[in-house]
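Source file: coords-v6.txt (compact mmCIF, C-alpha atoms)
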```txt
# COMPACT_ATOMS: atom_id res chain seq x y z
CA MET A 1 0.00 0.00 0.00
CA THR A 2 1.44 3.34 -1.05
CA ALA A 3 1.32 6.48 1.03
CA ALA A 4 -1.19 7.95 -1.42
CA THR A 5 -3.80 5.23 -0.80
CA LYS A 6 -3.96 6.09 2.91
CA SER A 7 -4.91 9.74 2.29
CA GLN A 8 -8.27 11.08 1.20
CA TYR A 9 -9.06 10.99 -2.51
CA PHE A 10 -11.69 12.13 -5.01
CA TYR A 11 -13.38 9.19 -6.76
CA SER A 12 -15.27 9.07 -10.03
CA ALA A 13 -15.88 6.72 -12.93
CA GLY A 14 -15.56 7.38 -16.64
CA LYS A 15 -16.99 5.33 -19.49
CA ARG A 16 -16.60 4.91 -23.26
CA LYS A 17 -18.13 2.04 -25.24
CA THR A 18 -17.53 -0.98 -22.97
CA ALA A 19 -14.48 0.50 -21.20
CA ILE A 20 -14.92 1.61 -17.59
CA ALA A 21 -12.27 3.62 -15.72
CA ARG A 22 -12.42 4.05 -11.95
CA VAL A 23 -10.33 7.06 -10.95
CA LYS A 24 -8.94 7.93 -7.51
CA LEU A 25 -7.45 11.43 -7.56
CA PHE A 26 -5.12 12.25 -4.67
CA ASP A 27 -4.48 15.91 -3.81
CA GLY A 28 -0.96 17.16 -3.15
CA GLY A 29 0.83 14.76 -5.47
CA LYS A 30 3.66 15.06 -7.98
CA GLY A 31 1.75 14.00 -11.09
CA ASP A 32 2.21 10.23 -10.80
CA ILE A 33 -0.51 8.41 -12.76
CA THR A 34 -0.81 4.63 -12.47
CA ILE A 35 -3.25 2.51 -14.47
CA ASN A 36 -3.86 -1.06 -13.32
CA GLY A 37 -0.63 -0.93 -11.31
CA LYS A 38 1.53 0.31 -14.21
CA ALA A 39 2.81 3.78 -15.08
CA ILE A 40 0.59 5.46 -17.68
CA ARG A 41 3.31 5.51 -20.35
CA GLU A 42 3.89 1.82 -19.73
CA TYR A 43 0.18 0.95 -19.95
CA PHE A 44 -0.81 2.87 -23.10
CA PRO A 45 1.11 1.89 -26.26
CA THR A 46 1.25 5.32 -27.93
CA ASN A 47 1.73 8.93 -26.93
CA VAL A 48 -1.62 9.75 -28.56
CA HIS A 49 -3.43 7.62 -25.97
CA VAL A 50 -1.38 9.12 -23.12
CA GLU A 51 -1.98 12.71 -24.23
CA ASN A 52 -5.70 12.01 -24.73
CA ALA A 53 -6.04 10.51 -21.25
CA LEU A 54 -4.14 13.36 -19.55
CA ALA A 55 -5.84 16.18 -21.48
CA PRO A 56 -8.12 17.27 -18.58
CA LEU A 57 -5.10 17.74 -16.29
CA ARG A 58 -3.20 19.61 -19.01
CA ILE A 59 -5.94 22.10 -19.96
CA THR A 60 -6.70 22.90 -16.29
CA ASP A 61 -2.97 23.30 -15.41
CA ASN A 62 -3.09 20.50 -12.83
CA ASN A 63 -0.34 18.28 -14.31
CA LYS A 64 1.83 18.21 -11.19
CA LYS A 65 -0.78 18.81 -8.47
CA PHE A 66 -2.40 15.37 -8.30
CA ASN A 67 -1.51 11.70 -8.20
CA ALA A 68 -4.02 9.26 -9.66
CA GLU A 69 -4.64 5.56 -9.28
CA ILE A 70 -6.84 4.31 -12.09
CA SER A 71 -8.44 0.93 -12.59
CA VAL A 72 -9.64 0.36 -16.14
CA LYS A 73 -11.27 -2.65 -17.76
CA GLY A 74 -13.13 -3.53 -20.95
CA GLY A 75 -12.84 -2.16 -24.46
CA GLY A 76 -9.65 -1.48 -26.39
CA LYS A 77 -6.82 0.90 -25.60
CA SER A 78 -8.43 3.83 -27.41
CA ALA A 79 -11.75 3.46 -25.58
CA GLN A 80 -9.88 2.98 -22.30
CA SER A 81 -7.98 6.22 -22.95
CA ASP A 82 -11.28 8.05 -23.48
CA ALA A 83 -12.75 6.46 -20.34
CA VAL A 84 -9.74 7.63 -18.30
CA ARG A 85 -10.17 11.15 -19.73
CA HIS A 86 -13.85 11.14 -18.75
CA GLY A 87 -13.08 9.85 -15.25
CA LEU A 88 -10.29 12.38 -14.64
CA SER A 89 -12.58 15.21 -15.79
CA ARG A 90 -15.31 14.17 -13.37
CA SER A 91 -12.79 13.85 -10.51
CA LEU A 92 -11.43 17.33 -11.21
CA LEU A 93 -14.97 18.69 -10.89
CA LEU A 94 -15.18 17.22 -7.39
CA VAL A 95 -11.91 18.98 -6.50
CA ASP A 96 -12.87 22.34 -7.98
CA PRO A 97 -16.35 23.02 -9.46
CA GLU A 98 -14.94 26.23 -11.03
CA LEU A 99 -13.25 24.05 -13.70
CA ARG A 100 -16.62 23.06 -15.19
CA PRO A 101 -16.76 25.68 -17.99
CA VAL A 102 -13.26 24.78 -19.21
CA LEU A 103 -13.89 21.02 -19.21
CA LYS A 104 -17.36 21.39 -20.71
CA ARG A 105 -16.06 23.56 -23.57
CA GLU A 106 -13.60 20.79 -24.49
CA GLY A 107 -16.38 18.17 -24.33
CA PHE A 108 -14.70 16.10 -21.61
CA LEU A 109 -17.77 15.88 -19.37
CA ARG A 110 -20.08 14.34 -21.95
CA ARG A 111 -20.22 10.54 -21.89
CA ASP A 112 -19.77 9.17 -25.42
CA ALA A 113 -22.68 6.72 -25.49
CA ARG A 114 -21.94 5.11 -28.85
CA ILE A 115 -21.75 1.34 -28.47
CA LYS A 116 -21.84 -1.57 -30.87
CA GLU A 117 -25.28 -2.16 -32.35
CA ARG A 118 -26.70 -5.64 -31.80
CA LYS A 119 -27.13 -8.21 -34.57
CA LYS A 120 -30.73 -8.63 -35.72
CA PRO A 121 -32.36 -11.93 -36.72
CA GLY A 122 -32.43 -12.61 -40.46
CA LEU A 123 -29.42 -10.36 -41.08
CA LYS A 124 -25.69 -11.13 -41.30
CA GLY A 125 -24.79 -8.32 -38.88
CA ALA A 126 -26.47 -5.36 -37.26
CA ARG A 127 -27.64 -4.00 -40.64
CA ARG A 128 -25.94 -6.16 -43.26
CA ALA A 129 -28.55 -8.14 -45.20
CA PRO A 130 -27.86 -11.44 -46.97
CA GLN A 131 -26.70 -11.06 -50.57
CA PHE A 132 -29.62 -10.70 -53.00
CA SER A 133 -29.77 -12.90 -56.09
CA LYS A 134 -32.11 -12.16 -59.02
CA ARG A 135 -31.75 -15.63 -60.52
```

Mind converting the file's structure to structure tokens?
Amino acid sequence: MTAATKSQYFYSAGKRKTAIARVKLFDGGKGDITINGKAIREYFPTNVHVENALAPLRITDNNKKFNAEISVKGGGKSAQSDAVRHGLSRSLLLVDPELRPVLKREGFLRRDARIKERKKPGLKGARRAPQFSKR
């Protein structure tokens, strides 16, 4: 157990498709972000995913003020990155409600509800119909 887990934290969850991120934001940190026990740059394969996930901290100038322990499951790396971004944004609101206009303008507070459409009976996929033959 790290020293950060013993102190008080701000908790929120973020979602995208089937990915769910549970974020614990610890005040008074150095900017250490761990996801599923790994450093963020170790967990996400590309810098695009890392920058996307940390965008709420960057635009609110809180890069070095908080430590975060994040548990994420489901989905792919891109959806997980978006779920982490959503969770961090919601946690920052708990810390300081004054950040709402900035985060809302960037669209970080809106949950992206697009999920895979189910397959329907009689079709090959969600909308793909069997091939039509005239003869």

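A straight line drawn from CA of Ser78 in chain A to CA of Gly28 in chain A is 28.7 Å long.
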
With all atoms listed in the file as the basis for distance, which of A:Ile20, A:Ile40, A:Leu25, A:Ile115 is at the shortest distance from Gln8 in chain A?
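Using all atoms listed in the file, the shortest distance to Gln8 in chain A belongs to A:Leu25.
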
Residue nearest Pro101 in chain A - candidates A:Ala13, A:Ala21, A:Ile59, A:Ala53, atoms counted: all atoms listed in the file
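Distance minimum relative to Pro101 in chain A lands on A:Ile59.
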
Surrounding residues of Thr34 in chain A excluding itself and chain neighbours under 2 positions, 8 Å, only C-alpha atoms, as a count of residues only
9

Please identify all polymer residues within 12 Å of range 47-52 of chain A, counting all atoms listed in the file, omitting same-chain residues fewer than 3 positions from it, and present them as a ChimeraX atom specification.
/A:33-35,39-44,55-59,63,76-86,88-89,106,108

Nearest to Leu93 in chain A, chosen from A:Leu123, A:Leu109, A:Val72, A:Leu54, with only C-alpha atoms counted in the distances
A:Leu109

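Every polymer residue reaching to within 6 Å of (-13.4, -3.1, -20.6), counting only C-alpha atoms, appears in this list: Thr18, Ala19, Ile20, Lys73, Gly74 and Gly75 of chain A.
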
Could you please take those selected residues and save C-alpha atoms as a PDB file, keeping the file's coordinate frame?
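What landed in again29.pdb:
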```pdb
ATOM      1  CA  THR A  18     -17.530  -0.980 -22.970  1.00  0.00           C
ATOM      2  CA  ALA A  19     -14.480   0.500 -21.200  1.00  0.00           C
ATOM      3  CA  ILE A  20     -14.920   1.610 -17.590  1.00  0.00           C
ATOM      4  CA  LYS A  73     -11.270  -2.650 -17.760  1.00  0.00           C
ATOM      5  CA  GLY A  74     -13.130  -3.530 -20.950  1.00  0.00           C
ATOM      6  CA  GLY A  75     -12.840  -2.160 -24.460  1.00  0.00           C
TER       7      GLY A  75
END
```

Would you compute the distance between CA of Phe10 in chain A and CA of Val95 in chain A? Give it in Å to one decimal.
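According to the coordinates, CA of Phe10 in chain A and CA of Val95 in chain A are separated by 7.0 Å.
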
Record the distance separating CA of Gly87 in chain A and CA of Glu117 in chain A, expressed in Å with one decimal.
24.2 Å

Nearest to Thr60 in chain A, chosen from A:Leu94, A:Ala113, A:Leu99, A:Ala126, with only C-alpha atoms counted in the distances:
A:Leu99

Give me the residues within 8 Å of Lys116 in chain A as a PDB file with C-alpha atoms, in the coordinates of the input, counting only C-alpha atoms and dropping any in the same chain fewer than 2 places off.
```
ATOM      1  CA  LYS A  17     -18.130   2.040 -25.240  1.00  0.00           C
ATOM      2  CA  ARG A 114     -21.940   5.110 -28.850  1.00  0.00           C
ATOM      3  CA  ARG A 118     -26.700  -5.640 -31.800  1.00  0.00           C
TER       4      ARG A 118
END
```

Can you work out which one of A:Arg128, A:Arg135, A:Arg100, A:Arg90 has the shortest atom-to-atom distance to Lys15 in chain A, counting all atoms listed in the file?
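Of A:Arg128, A:Arg135, A:Arg100, A:Arg90, the one nearest Lys15 in chain A, counting all atoms listed in the file, is A:Arg90.
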